[in-house]
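Below is structure.tsv, holding TSV, C-alpha atoms.
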```tsv
chain	number	residue	atom	x	y	z
A	1	MET	CA	-85.38	-6.06	-18.83
A	2	ASN	CA	-82.36	-3.72	-18.95
A	3	CYS	CA	-78.80	-4.54	-19.86
A	4	LEU	CA	-77.49	-4.26	-16.27
A	5	HIS	CA	-80.00	-6.86	-15.10
A	6	ILE	CA	-78.99	-9.16	-17.96
A	7	ARG	CA	-75.28	-8.78	-17.21
A	8	ASN	CA	-75.86	-9.56	-13.54
A	9	GLY	CA	-77.67	-12.76	-14.51
A	10	LEU	CA	-75.10	-14.00	-17.04
A	11	MET	CA	-72.92	-15.92	-14.61
A	12	ASP	CA	-75.80	-17.92	-13.23
A	13	TYR	CA	-77.03	-18.37	-16.79
A	14	PHE	CA	-73.68	-19.91	-17.82
A	15	ASP	CA	-73.77	-22.12	-14.70
A	16	GLU	CA	-77.34	-23.17	-15.64
A	17	LYS	CA	-78.55	-21.97	-12.27
A	18	THR	CA	-81.27	-19.63	-13.49
A	19	ASP	CA	-84.92	-20.58	-13.50
A	20	GLN	CA	-86.75	-21.18	-16.76
A	21	ASP	CA	-88.32	-17.70	-16.95
A	22	LEU	CA	-85.08	-15.83	-16.36
A	23	ARG	CA	-83.23	-18.05	-18.83
A	24	LEU	CA	-85.75	-17.27	-21.55
A	25	GLU	CA	-85.60	-13.54	-20.78
A	26	ILE	CA	-81.82	-13.55	-20.99
A	27	GLU	CA	-81.80	-15.49	-24.24
A	28	GLY	CA	-84.45	-13.18	-25.68
A	29	HIS	CA	-82.45	-10.08	-24.72
A	30	LEU	CA	-79.17	-11.47	-26.06
A	31	ALA	CA	-80.86	-12.18	-29.38
A	32	THR	CA	-81.74	-8.50	-29.79
A	33	CYS	CA	-78.98	-6.58	-27.95
A	34	LYS	CA	-75.61	-6.70	-29.71
A	35	ALA	CA	-73.73	-5.01	-26.85
A	36	CYS	CA	-74.89	-7.59	-24.32
A	37	ARG	CA	-74.30	-10.39	-26.80
A	38	ASP	CA	-70.70	-9.29	-27.39
A	39	TYR	CA	-70.14	-8.97	-23.68
A	40	SER	CA	-71.61	-12.41	-23.01
A	41	PHE	CA	-69.13	-13.93	-25.53
A	42	THR	CA	-66.26	-12.20	-23.73
A	43	LEU	CA	-67.49	-13.40	-20.35
A	44	ARG	CA	-67.88	-16.97	-21.60
A	45	GLU	CA	-64.34	-16.80	-23.00
A	46	ALA	CA	-63.08	-15.57	-19.61
A	47	PHE	CA	-64.64	-18.57	-17.87
A	48	GLN	CA	-63.20	-20.90	-20.47
A	49	MET	CA	-59.76	-19.50	-19.65
A	50	ILE	CA	-60.40	-20.23	-15.99
A	51	SER	CA	-61.43	-23.77	-16.95
A	52	LEU	CA	-58.17	-24.26	-18.85
A	53	GLU	CA	-56.30	-23.60	-15.61
A	54	LYS	CA	-57.96	-26.72	-14.27
A	55	ASN	CA	-56.03	-28.93	-16.70
A	56	ILE	CA	-53.52	-30.60	-14.41
A	57	GLU	CA	-51.34	-33.58	-15.24
A	58	TYR	CA	-50.88	-36.34	-12.73
A	59	ASP	CA	-47.31	-36.41	-11.40
A	60	PRO	CA	-46.27	-40.07	-11.06
A	61	PHE	CA	-43.20	-39.15	-9.03
A	62	MET	CA	-44.91	-37.17	-6.30
A	63	PHE	CA	-45.40	-40.23	-4.10
A	64	THR	CA	-41.69	-41.13	-4.39
A	65	ARG	CA	-40.71	-37.65	-3.27
A	66	LEU	CA	-43.22	-37.78	-0.43
A	67	GLN	CA	-41.89	-41.15	0.72
A	68	ALA	CA	-38.35	-39.76	0.78
A	69	SER	CA	-39.48	-36.68	2.76
A	70	VAL	CA	-41.38	-38.77	5.29
A	71	ILE	CA	-38.42	-41.17	5.76
A	72	ASP	CA	-35.99	-38.22	6.15
A	73	GLN	CA	-38.13	-36.71	8.84
A	74	LYS	CA	-38.46	-40.05	10.63
A	75	ASN	CA	-34.65	-40.41	10.61
A	76	ILE	CA	-34.21	-36.96	12.11
A	77	ARG	CA	-36.62	-37.87	14.89
A	78	ARG	CA	-34.90	-41.24	15.47
A	79	THR	CA	-31.52	-39.62	16.07
A	80	PRO	CA	-31.20	-39.48	19.88
A	81	LEU	CA	-31.64	-36.09	21.43
A	82	LEU	CA	-28.20	-36.37	22.99
A	83	ASN	CA	-26.54	-36.76	19.59
A	84	ARG	CA	-28.48	-33.84	18.17
A	85	LEU	CA	-27.35	-31.62	21.03
A	86	LEU	CA	-23.79	-32.95	21.22
A	87	GLN	CA	-22.51	-31.48	17.96
A	88	PRO	CA	-23.55	-27.88	18.64
A	89	ALA	CA	-22.31	-28.22	22.22
A	90	LEU	CA	-18.89	-29.40	21.03
A	91	ILE	CA	-18.64	-26.60	18.51
A	92	ALA	CA	-19.59	-24.02	21.16
A	93	THR	CA	-17.01	-25.45	23.58
A	94	PHE	CA	-14.32	-25.31	20.90
A	95	VAL	CA	-15.13	-21.69	20.09
A	96	LEU	CA	-15.02	-20.73	23.76
A	97	PHE	CA	-11.68	-22.50	24.08
A	98	LEU	CA	-10.29	-20.51	21.15
A	99	VAL	CA	-11.53	-17.25	22.66
A	100	TYR	CA	-9.99	-18.13	26.03
A	101	ALA	CA	-6.70	-19.11	24.36
A	102	GLY	CA	-6.64	-15.83	22.49
A	103	ILE	CA	-7.23	-13.81	25.62
A	104	SER	CA	-4.54	-15.78	27.50
A	105	ILE	CA	-1.94	-15.29	24.78
A	106	GLY	CA	-2.81	-11.63	24.54
A	107	SER	CA	-2.52	-10.96	28.27
A	108	ASP	CA	0.80	-12.92	28.44
A	109	TYR	CA	2.18	-10.69	25.67
A	110	ASN	CA	1.20	-7.55	27.60
A	111	TYR	CA	2.99	-8.89	30.71
A	112	GLN	CA	6.18	-9.49	28.72
A	113	GLN	CA	5.98	-6.02	27.30
A	114	SER	CA	5.53	-4.50	30.77
A	115	ILE	CA	8.63	-6.41	32.08
A	116	ILE	CA	10.73	-4.98	29.26
A	117	THR	CA	9.38	-1.49	29.92
A	118	ASP	CA	10.20	-1.82	33.64
A	119	TYR	CA	13.69	-3.02	32.86
A	120	GLU	CA	14.26	-0.09	30.56
A	121	THR	CA	13.00	2.26	33.25
A	122	GLU	CA	15.52	0.82	35.75
A	123	LEU	CA	18.30	1.27	33.22
A	124	TYR	CA	17.11	4.75	32.68
A	125	TYR	CA	17.54	5.65	36.34
A	126	LEU	CA	20.97	3.90	36.73
A	127	ASN	CA	22.33	6.06	33.98
A	128	ASP	CA	21.62	9.52	35.30
A	129	ILE	CA	22.96	11.05	32.15
A	130	GLN	CA	19.39	10.81	30.85
A	131	ASN	CA	18.38	13.23	33.59
A	132	GLU	CA	20.77	15.82	32.26
A	133	SER	CA	19.78	17.89	29.28
A	134	TYR	CA	22.03	17.80	26.24
A	135	GLU	CA	22.71	21.53	26.45
A	136	SER	CA	24.04	21.29	30.02
A	137	ILE	CA	26.46	18.50	28.93
A	138	MET	CA	27.70	20.57	26.03
A	139	LEU	CA	28.13	23.68	28.17
A	140	PHE	CA	30.29	21.85	30.71
A	141	GLU	CA	32.41	20.16	28.07
B	1	MET	CA	-61.38	-47.08	-0.46
B	2	HIS	CA	-63.46	-45.63	2.38
B	3	ASP	CA	-62.34	-42.90	4.75
B	4	ALA	CA	-62.21	-45.35	7.65
B	5	ASP	CA	-59.79	-47.62	5.73
B	6	PHE	CA	-57.59	-44.65	4.83
B	7	ILE	CA	-57.51	-43.46	8.42
B	8	VAL	CA	-56.61	-46.87	9.85
B	9	GLY	CA	-53.97	-47.43	7.16
B	10	LEU	CA	-52.38	-44.01	7.65
B	11	LYS	CA	-52.31	-44.44	11.42
B	12	ASN	CA	-50.44	-47.70	10.89
B	13	GLY	CA	-48.03	-45.94	8.54
B	14	ASP	CA	-49.11	-48.13	5.64
B	15	GLN	CA	-47.26	-46.86	2.56
B	16	ASP	CA	-49.70	-48.50	0.13
B	17	VAL	CA	-52.61	-46.67	1.71
B	18	PHE	CA	-50.66	-43.42	1.60
B	19	LYS	CA	-49.92	-44.03	-2.08
B	20	LYS	CA	-53.63	-44.56	-2.80
B	21	LEU	CA	-54.44	-41.34	-0.98
B	22	VAL	CA	-51.91	-39.45	-3.09
B	23	GLU	CA	-53.21	-41.02	-6.32
B	24	GLN	CA	-56.78	-40.14	-5.50
B	25	HIS	CA	-56.34	-36.58	-4.32
B	26	GLN	CA	-53.23	-35.26	-6.05
B	27	VAL	CA	-54.87	-33.71	-9.12
B	28	PRO	CA	-57.84	-32.05	-7.34
B	29	LEU	CA	-55.52	-30.61	-4.71
B	30	VAL	CA	-53.09	-29.19	-7.29
B	31	ARG	CA	-56.08	-27.71	-9.11
B	32	LEU	CA	-57.31	-26.11	-5.87
B	33	CYS	CA	-53.93	-24.65	-4.96
B	34	LYS	CA	-53.39	-23.39	-8.50
B	35	GLY	CA	-56.63	-21.46	-8.17
B	36	PHE	CA	-55.02	-19.46	-5.37
B	37	LEU	CA	-51.40	-19.39	-6.45
B	38	HIS	CA	-51.66	-19.36	-10.29
B	39	ASP	CA	-48.35	-21.19	-10.41
B	40	GLU	CA	-48.30	-24.94	-10.91
B	41	GLU	CA	-44.87	-25.42	-9.29
B	42	ASP	CA	-45.94	-23.63	-6.14
B	43	ALA	CA	-49.23	-25.52	-6.18
B	44	ARG	CA	-47.42	-28.89	-6.33
B	45	ASP	CA	-45.11	-27.86	-3.48
B	46	ILE	CA	-48.08	-26.95	-1.33
B	47	VAL	CA	-49.82	-30.22	-2.17
B	48	GLN	CA	-46.69	-32.14	-1.12
B	49	GLU	CA	-46.62	-30.29	2.17
B	50	THR	CA	-50.32	-31.05	2.60
B	51	PHE	CA	-49.83	-34.79	2.15
B	52	ILE	CA	-46.89	-34.81	4.54
B	53	GLU	CA	-48.91	-32.97	7.16
B	54	VAL	CA	-51.83	-35.37	6.75
B	55	PHE	CA	-49.53	-38.40	7.06
B	56	GLU	CA	-47.87	-37.05	10.18
B	57	SER	CA	-50.94	-35.58	11.85
B	58	ILE	CA	-53.43	-38.36	11.14
B	59	HIS	CA	-53.54	-39.19	14.85
B	60	HIS	CA	-54.89	-35.69	15.52
B	61	PHE	CA	-57.69	-36.00	12.95
B	62	ARG	CA	-60.92	-35.77	14.91
B	63	GLN	CA	-63.04	-37.39	12.16
B	64	ASP	CA	-65.67	-34.66	12.47
B	65	ALA	CA	-65.51	-34.23	8.68
B	66	ARG	CA	-64.54	-36.37	5.73
B	67	LEU	CA	-60.87	-37.00	5.09
B	68	SER	CA	-61.06	-35.18	1.76
B	69	THR	CA	-62.60	-32.15	3.49
B	70	TRP	CA	-59.69	-32.11	5.93
B	71	LEU	CA	-57.22	-32.36	3.04
B	72	TYR	CA	-58.84	-29.43	1.24
B	73	ARG	CA	-58.87	-27.31	4.40
B	74	ILE	CA	-55.16	-27.88	4.96
B	75	ALA	CA	-54.38	-27.12	1.30
B	76	VAL	CA	-56.44	-23.89	1.37
B	77	ASN	CA	-54.74	-22.71	4.58
B	78	LYS	CA	-51.27	-23.50	3.26
B	79	SER	CA	-52.02	-21.72	-0.02
B	80	LEU	CA	-53.25	-18.62	1.82
B	81	ASN	CA	-50.17	-18.68	4.06
B	82	LEU	CA	-47.89	-18.82	1.04
B	83	LEU	CA	-49.77	-15.93	-0.55
B	84	ARG	CA	-49.30	-13.89	2.63
B	85	LYS	CA	-45.58	-14.65	2.65
B	86	LYS	CA	-45.27	-13.70	-1.01
B	87	LYS	CA	-47.17	-10.46	-0.35
B	88	ILE	CA	-44.71	-9.52	2.37
B	89	ASN	CA	-41.77	-10.37	0.12
B	90	ARG	CA	-43.26	-8.32	-2.70
B	91	LEU	CA	-43.68	-5.38	-0.32
B	92	LEU	CA	-40.04	-5.62	0.67
B	93	VAL	CA	-38.89	-5.93	-2.93
B	94	SER	CA	-41.11	-3.07	-4.07
B	95	LEU	CA	-39.11	-0.78	-1.79
B	96	ASP	CA	-36.37	-1.34	-4.35
B	97	VAL	CA	-37.67	0.86	-7.19
B	98	PHE	CA	-35.72	-0.91	-9.92
B	99	SER	CA	-37.29	-4.32	-9.33
B	100	ALA	CA	-40.90	-3.21	-8.72
B	101	LYS	CA	-42.15	-3.77	-12.28
B	102	GLU	CA	-40.56	-7.21	-12.53
B	103	THR	CA	-42.26	-8.29	-9.30
B	104	ASN	CA	-45.75	-7.42	-10.52
B	105	ASP	CA	-45.27	-9.29	-13.77
B	106	VAL	CA	-43.86	-12.38	-12.07
B	107	GLU	CA	-46.87	-12.46	-9.76
B	108	TYR	CA	-49.30	-12.87	-12.63
B	109	GLY	CA	-47.06	-15.02	-14.77
B	110	THR	CA	-46.22	-12.70	-17.61
B	111	THR	CA	-42.45	-12.69	-17.37
B	112	GLY	CA	-40.12	-15.54	-18.02
B	113	PRO	CA	-39.19	-17.74	-20.96
B	114	GLY	CA	-42.63	-17.79	-22.56
B	115	GLN	CA	-42.75	-14.12	-23.31
B	116	ASN	CA	-41.43	-14.05	-26.87
B	117	LEU	CA	-44.75	-15.44	-27.98
B	118	PRO	CA	-46.78	-14.81	-31.10
B	119	GLY	CA	-49.15	-11.86	-30.78
B	120	ASP	CA	-52.40	-13.74	-30.15
B	121	LYS	CA	-50.89	-15.96	-27.48
B	122	LEU	CA	-49.41	-12.92	-25.74
B	123	GLU	CA	-52.81	-11.26	-25.92
B	124	LYS	CA	-54.42	-14.33	-24.34
B	125	ASN	CA	-51.78	-14.30	-21.60
B	126	GLU	CA	-52.58	-10.67	-20.90
B	127	LYS	CA	-56.32	-11.43	-20.74
B	128	LEU	CA	-55.69	-14.34	-18.38
B	129	LYS	CA	-53.56	-12.08	-16.21
B	130	GLN	CA	-56.42	-9.57	-15.95
B	131	ILE	CA	-58.95	-12.28	-15.16
B	132	ARG	CA	-56.69	-13.73	-12.46
B	133	LYS	CA	-56.31	-10.26	-10.98
B	134	ALA	CA	-60.07	-9.83	-10.94
B	135	VAL	CA	-60.56	-13.14	-9.11
B	136	ASP	CA	-57.74	-12.38	-6.67
B	137	SER	CA	-59.27	-9.01	-5.85
B	138	LEU	CA	-62.42	-10.62	-4.48
B	139	PRO	CA	-62.80	-10.30	-0.70
B	140	GLY	CA	-61.34	-13.23	1.30
B	141	ASN	CA	-64.21	-15.70	1.79
B	142	GLN	CA	-65.85	-14.83	-1.54
B	143	ARG	CA	-62.62	-15.74	-3.28
B	144	ILE	CA	-62.32	-19.04	-1.39
B	145	VAL	CA	-65.91	-19.99	-2.22
B	146	PHE	CA	-65.45	-19.04	-5.87
B	147	ILE	CA	-62.24	-21.04	-6.24
B	148	LEU	CA	-63.65	-24.10	-4.47
B	149	ASN	CA	-66.66	-23.97	-6.76
B	150	LYS	CA	-65.00	-23.11	-10.07
B	151	TYR	CA	-61.64	-24.88	-9.75
B	152	MET	CA	-62.73	-27.89	-7.72
B	153	ASP	CA	-66.29	-28.18	-9.06
B	154	LEU	CA	-67.50	-28.63	-5.49
B	155	THR	CA	-71.19	-28.23	-4.77
B	156	ASN	CA	-72.31	-25.55	-2.34
B	157	LYS	CA	-72.82	-28.24	0.30
B	158	GLU	CA	-69.27	-29.51	-0.11
B	159	VAL	CA	-67.91	-25.96	-0.01
B	160	ALA	CA	-69.83	-25.41	3.26
B	161	GLU	CA	-68.16	-28.51	4.74
B	162	VAL	CA	-64.67	-27.39	3.71
B	163	MET	CA	-65.15	-23.89	5.04
B	164	ASP	CA	-67.12	-25.06	8.08
B	165	ILE	CA	-69.92	-22.57	7.47
B	166	SER	CA	-73.62	-22.94	6.74
B	167	LEU	CA	-75.02	-23.68	3.30
B	168	SER	CA	-76.89	-20.38	3.24
B	169	ALA	CA	-73.65	-18.53	4.03
B	170	VAL	CA	-71.99	-20.25	1.07
B	171	GLU	CA	-74.85	-19.36	-1.25
B	172	SER	CA	-74.73	-15.75	-0.12
B	173	LEU	CA	-70.94	-15.59	-0.55
B	174	MET	CA	-71.18	-17.20	-3.99
B	175	HIS	CA	-73.86	-14.76	-5.12
B	176	ARG	CA	-71.81	-11.77	-3.96
B	177	ALA	CA	-68.65	-13.19	-5.51
B	178	LYS	CA	-70.38	-13.51	-8.86
B	179	MET	CA	-71.80	-9.97	-8.65
B	180	ASN	CA	-68.43	-8.49	-7.72
B	181	LEU	CA	-66.58	-10.48	-10.36
B	182	GLN	CA	-69.13	-9.57	-12.98
B	183	LYS	CA	-68.65	-5.85	-12.21
B	184	LYS	CA	-64.87	-6.14	-12.35
B	185	LEU	CA	-64.92	-8.09	-15.60
B	186	PHE	CA	-67.34	-5.62	-17.19
B	187	ASN	CA	-65.03	-2.75	-16.25
B	188	LEU	CA	-62.12	-4.61	-17.84
B	189	TYR	CA	-64.29	-5.26	-20.91
B	190	LYS	CA	-65.12	-1.54	-21.22
B	191	LYS	CA	-61.41	-0.71	-21.02
B	192	ASN	CA	-60.74	-3.36	-23.69
B	193	LEU	CA	-58.48	-5.31	-21.36
B	194	ILE	CA	-60.33	-8.61	-21.87
```

Final structure tokens representation of the file:
Amino acid sequence: MNCLHIRNGLMDYFDEKTDQDLRLEIEGHLATCKACRDYSFTLREAFQMISLEKNIEYDPFMFTRLQASVIDQKNIRRTPLLNRLLQPALIATFVLFLVYAGISIGSDYNYQQSIITDYETELYYLNDIQNESYESIMLFE
Amino acid sequence: MHDADFIVGLKNGDQDVFKKLVEQHQVPLVRLCKGFLHDEEDARDIVQETFIEVFESIHHFRQDARLSTWLYRIAVNKSLNLLRKKKINRLLVSLDVFSAKETNDVEYGTTGPGQNLPGDKLEKNEKLKQIRKAVDSLPGNQRIVFILNKYMDLTNKEVAEVMDISLSAVESLMHRAKMNLQKKLFNLYKKNLI
């Protein structure tokens, strides 16, 4: 029986799932082959490490937390749909109102500015001196 | 308490029955999830989510399997979902070169407060990390079968019920899982990593 065959059978051997003949062959080989024996110790240690991961402590507070979660979720579901929709709807309406107000104020400001510009333009034409260049005024004076 | 009593009690929203369910199944479920996640905190979070889902979805339970089988199935699926999410997050983080190393170590539990440990404990941590990696590298169903068997001590028949596959399929998966794991562990042994 070669070492590869022994190694392949080690896991079942540790799980006590090998038949009698195979178990005896493995034990016989391990007694004579140091390399396989060393490896089998390492493999057994590896499985012991896995077993240590199974050590779990009972958490006495898990049920309390679960109860709180379940009650919270029930309360959310009990809140009427209307109430759950109302708050976001109100916030959206308020934001739209602010946007509209901003646009209104902004367009009113532009209108005021345009009135002033028009007025200045009228003044400009009443006083034709603006149509004359400075040089022509100086030349005549 | 029998399954039928649990089911009736949970459907009626009986808190005492729910408490008994939690007492009975908390430790095995945390053990199961820890087999996938290697982190006890994450495992406990998943177990909490599992119990909440069972409590809320009990009316949808078709009773085609035992209640415990249903619990284990939900826990396995939630654990695998969390692993997928973490994998995506790790992929995103690994795009940032400076945090790549930290991510790998956090995954296998070798960073954090426990790292200024005496030499032999650090060596054991490293070995455990390698063994976890070897188990995690098993193909999907082989890994599930191995964890259900080794971490939950379920028989092949019970594993077949949880996974909803035949007994012969479980035996075949278990055999292949052991062969694959044996090869990986031997390679680690040759490299002196375990």

Find the residues of chain B that sit at most 7 Å from chain A; for each, write down the nearest two atoms and how far apart they are in Å, to one decimal. Count all atoms listed in the file. Sort by chain, then by number going up, and give it as JSON lines.
```
{"residue": "B:Lys19", "atom": "CA", "partner": "A:Phe63", "partner_atom": "CA", "distance": 6.2}
{"residue": "B:Val22", "atom": "CA", "partner": "A:Phe63", "partner_atom": "CA", "distance": 6.6}
{"residue": "B:Val27", "atom": "CA", "partner": "A:Tyr58", "partner_atom": "CA", "distance": 6.0}
{"residue": "B:Arg31", "atom": "CA", "partner": "A:Lys54", "partner_atom": "CA", "distance": 5.6}
{"residue": "B:Gln48", "atom": "CA", "partner": "A:Leu66", "partner_atom": "CA", "distance": 6.7}
{"residue": "B:Ile52", "atom": "CA", "partner": "A:Val70", "partner_atom": "CA", "distance": 6.8}
{"residue": "B:Leu128", "atom": "CA", "partner": "A:Met49", "partner_atom": "CA", "distance": 6.7}
{"residue": "B:Ile131", "atom": "CA", "partner": "A:Ala46", "partner_atom": "CA", "distance": 6.9}
{"residue": "B:Tyr151", "atom": "CA", "partner": "A:Lys54", "partner_atom": "CA", "distance": 6.1}
{"residue": "B:Lys178", "atom": "CA", "partner": "A:Met11", "partner_atom": "CA", "distance": 6.7}
{"residue": "B:Met179", "atom": "CA", "partner": "A:Asn8", "partner_atom": "CA", "distance": 6.4}
{"residue": "B:Gln182", "atom": "CA", "partner": "A:Asn8", "partner_atom": "CA", "distance": 6.8}
```

With distances taken over only C-alpha atoms, which residue among B:Ala4, B:Leu173, B:Val47, B:Ala134 lies nearest Phe146 in chain B?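 Going through B:Ala4, B:Leu173, B:Val47, B:Ala134 one by one, the smallest distance to Phe146 in chain B is for B:Leu173.
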
What does the distance between CA of Ala177 in chain B and CA of Gln142 in chain B come to in Å, to one decimal place?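 CA of Ala177 in chain B sits 5.1 Å away from CA of Gln142 in chain B.
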
For CA of Pro139 in chain B and CA of Ile74 in chain B, determine how far apart the two atoms are, in Å to one decimal place. 20.0 Å

Around all the atoms of range 28-43 of chain B listed in the file, draw an axis-aligned box and extend it by 6 Å on each of the six sides; I want its centre and edge lengths in Å to one decimal, as JSON.
```
{"center_x": -51.4, "center_y": -25.7, "center_z": -7.8, "size_x": 25.0, "size_y": 24.7, "size_z": 18.2}
```

Set the distance at 10 Å and use only C-alpha atoms: which residues neighbour Glu27 in chain A once local chain neighbours fewer than 4 positions away are removed? I'd like the list as a list of chain:residue names.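 So the residues in contact are A:Ile6, A:Leu10, A:Tyr13, A:Leu22, A:Arg23, A:Ala31, A:Thr32, A:Arg37.
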
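Of note, CA of Ser94 in chain B and CA of Leu138 in chain B are spaced 22.6 Å apart.
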
Could you name the residues that touch Gly13 in chain B at 10 Å or less, counting all atoms listed in the file, but leaving out those on the same chain fewer than 6 positions away, as a list in words?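 In the requested format, the answer is Ile7, Phe55, Glu56 and Ile58 of chain B.
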
Could you dump the residues just selected with C-alpha atoms as a CSV table (one decimal), keeping the file's coordinate frame?
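After the write, part-v3.csv holds the following:
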```csv
chain,number,residue,atom,x,y,z
B,7,ILE,CA,-57.5,-43.5,8.4
B,55,PHE,CA,-49.5,-38.4,7.1
B,56,GLU,CA,-47.9,-37.0,10.2
B,58,ILE,CA,-53.4,-38.4,11.1
```

Near-range 32-37 of chain B list (7 Å; all atoms listed in the file; drop same-chain fewer than 4 positions) as a PyMOL selection string: chain B and resi 28+42-43+75-76+79+147-148+151-152

Closest of B:Lys127, B:Arg132, B:His60, B:Lys121 to Asn192 in chain B, counting all atoms listed in the file, is B:Lys127

Under the rule that only C-alpha atoms are counted, which of B:Leu10, B:Val145, B:Leu181, B:Val135 is the nearest residue to Val54 in chain B? B:Leu10

Just want the 7 Å neighbourhood of His59 in chain B, counted on only C-alpha atoms, with same-chain residues fewer than 2 positions away dropped. Output as an NGL selection string. :B and (11 or 57 or 61)

Can you list, as an NGL selection string, every protein, DNA or RNA residue that comes within 12 Å of Ala160 in chain B when you count all atoms listed in the file, leaving out same-chain residues fewer than 3 positions away? :B and (65 or 69 or 72-73 or 141 or 144-146 or 148-149 or 154-157 or 163-174)

Residue nearest Arg66 in chain B - candidates B:Asp14, B:Glu41, B:Asp3, B:Glu158, atoms counted: all atoms listed in the file: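 With all atoms listed in the file as the atom set, the closest residue is B:Asp3.
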
Mind completing range 41-55 of chain A with N, CA and C atoms? Output as a PDB file, in the coordinates of the input, please?
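The new file result.pdb reads:
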```pdb
ATOM      1  N   PHE A  41     -70.179 -13.094 -24.897  1.00  0.00           N
ATOM      2  CA  PHE A  41     -69.130 -13.930 -25.530  1.00  0.00           C
ATOM      3  C   PHE A  41     -67.813 -13.757 -24.777  1.00  0.00           C
ATOM      4  N   THR A  42     -67.521 -12.482 -24.440  1.00  0.00           N
ATOM      5  CA  THR A  42     -66.260 -12.200 -23.730  1.00  0.00           C
ATOM      6  C   THR A  42     -66.267 -12.874 -22.354  1.00  0.00           C
ATOM      7  N   LEU A  43     -67.411 -12.813 -21.688  1.00  0.00           N
ATOM      8  CA  LEU A  43     -67.490 -13.400 -20.350  1.00  0.00           C
ATOM      9  C   LEU A  43     -67.349 -14.927 -20.427  1.00  0.00           C
ATOM     10  N   ARG A  44     -67.978 -15.512 -21.436  1.00  0.00           N
ATOM     11  CA  ARG A  44     -67.880 -16.970 -21.600  1.00  0.00           C
ATOM     12  C   ARG A  44     -66.426 -17.371 -21.873  1.00  0.00           C
ATOM     13  N   GLU A  45     -65.748 -16.537 -22.691  1.00  0.00           N
ATOM     14  CA  GLU A  45     -64.340 -16.800 -23.000  1.00  0.00           C
ATOM     15  C   GLU A  45     -63.495 -16.716 -21.723  1.00  0.00           C
ATOM     16  N   ALA A  46     -63.815 -15.741 -20.875  1.00  0.00           N
ATOM     17  CA  ALA A  46     -63.080 -15.570 -19.610  1.00  0.00           C
ATOM     18  C   ALA A  46     -63.213 -16.830 -18.753  1.00  0.00           C
ATOM     19  N   PHE A  47     -64.424 -17.361 -18.672  1.00  0.00           N
ATOM     20  CA  PHE A  47     -64.640 -18.570 -17.870  1.00  0.00           C
ATOM     21  C   PHE A  47     -63.988 -19.791 -18.491  1.00  0.00           C
ATOM     22  N   GLN A  48     -63.911 -19.791 -19.815  1.00  0.00           N
ATOM     23  CA  GLN A  48     -63.200 -20.900 -20.470  1.00  0.00           C
ATOM     24  C   GLN A  48     -61.723 -20.867 -20.139  1.00  0.00           C
ATOM     25  N   MET A  49     -61.171 -19.649 -20.023  1.00  0.00           N
ATOM     26  CA  MET A  49     -59.760 -19.500 -19.650  1.00  0.00           C
ATOM     27  C   MET A  49     -59.546 -20.026 -18.230  1.00  0.00           C
ATOM     28  N   ILE A  50     -60.499 -19.726 -17.364  1.00  0.00           N
ATOM     29  CA  ILE A  50     -60.400 -20.230 -15.990  1.00  0.00           C
ATOM     30  C   ILE A  50     -60.451 -21.759 -16.024  1.00  0.00           C
ATOM     31  N   SER A  51     -61.313 -22.303 -16.850  1.00  0.00           N
ATOM     32  CA  SER A  51     -61.430 -23.770 -16.950  1.00  0.00           C
ATOM     33  C   SER A  51     -60.141 -24.404 -17.434  1.00  0.00           C
ATOM     34  N   LEU A  52     -59.438 -23.701 -18.336  1.00  0.00           N
ATOM     35  CA  LEU A  52     -58.170 -24.260 -18.850  1.00  0.00           C
ATOM     36  C   LEU A  52     -57.142 -24.410 -17.739  1.00  0.00           C
ATOM     37  N   GLU A  53     -57.237 -23.525 -16.733  1.00  0.00           N
ATOM     38  CA  GLU A  53     -56.300 -23.600 -15.610  1.00  0.00           C
ATOM     39  C   GLU A  53     -56.500 -24.890 -14.821  1.00  0.00           C
ATOM     40  N   LYS A  54     -57.671 -25.501 -15.017  1.00  0.00           N
ATOM     41  CA  LYS A  54     -57.960 -26.720 -14.270  1.00  0.00           C
ATOM     42  C   LYS A  54     -57.289 -27.950 -14.890  1.00  0.00           C
ATOM     43  N   ASN A  55     -56.706 -27.784 -16.068  1.00  0.00           N
ATOM     44  CA  ASN A  55     -56.030 -28.930 -16.700  1.00  0.00           C
ATOM     45  C   ASN A  55     -54.719 -29.197 -15.981  1.00  0.00           C
TER      46      ASN A  55
END
```
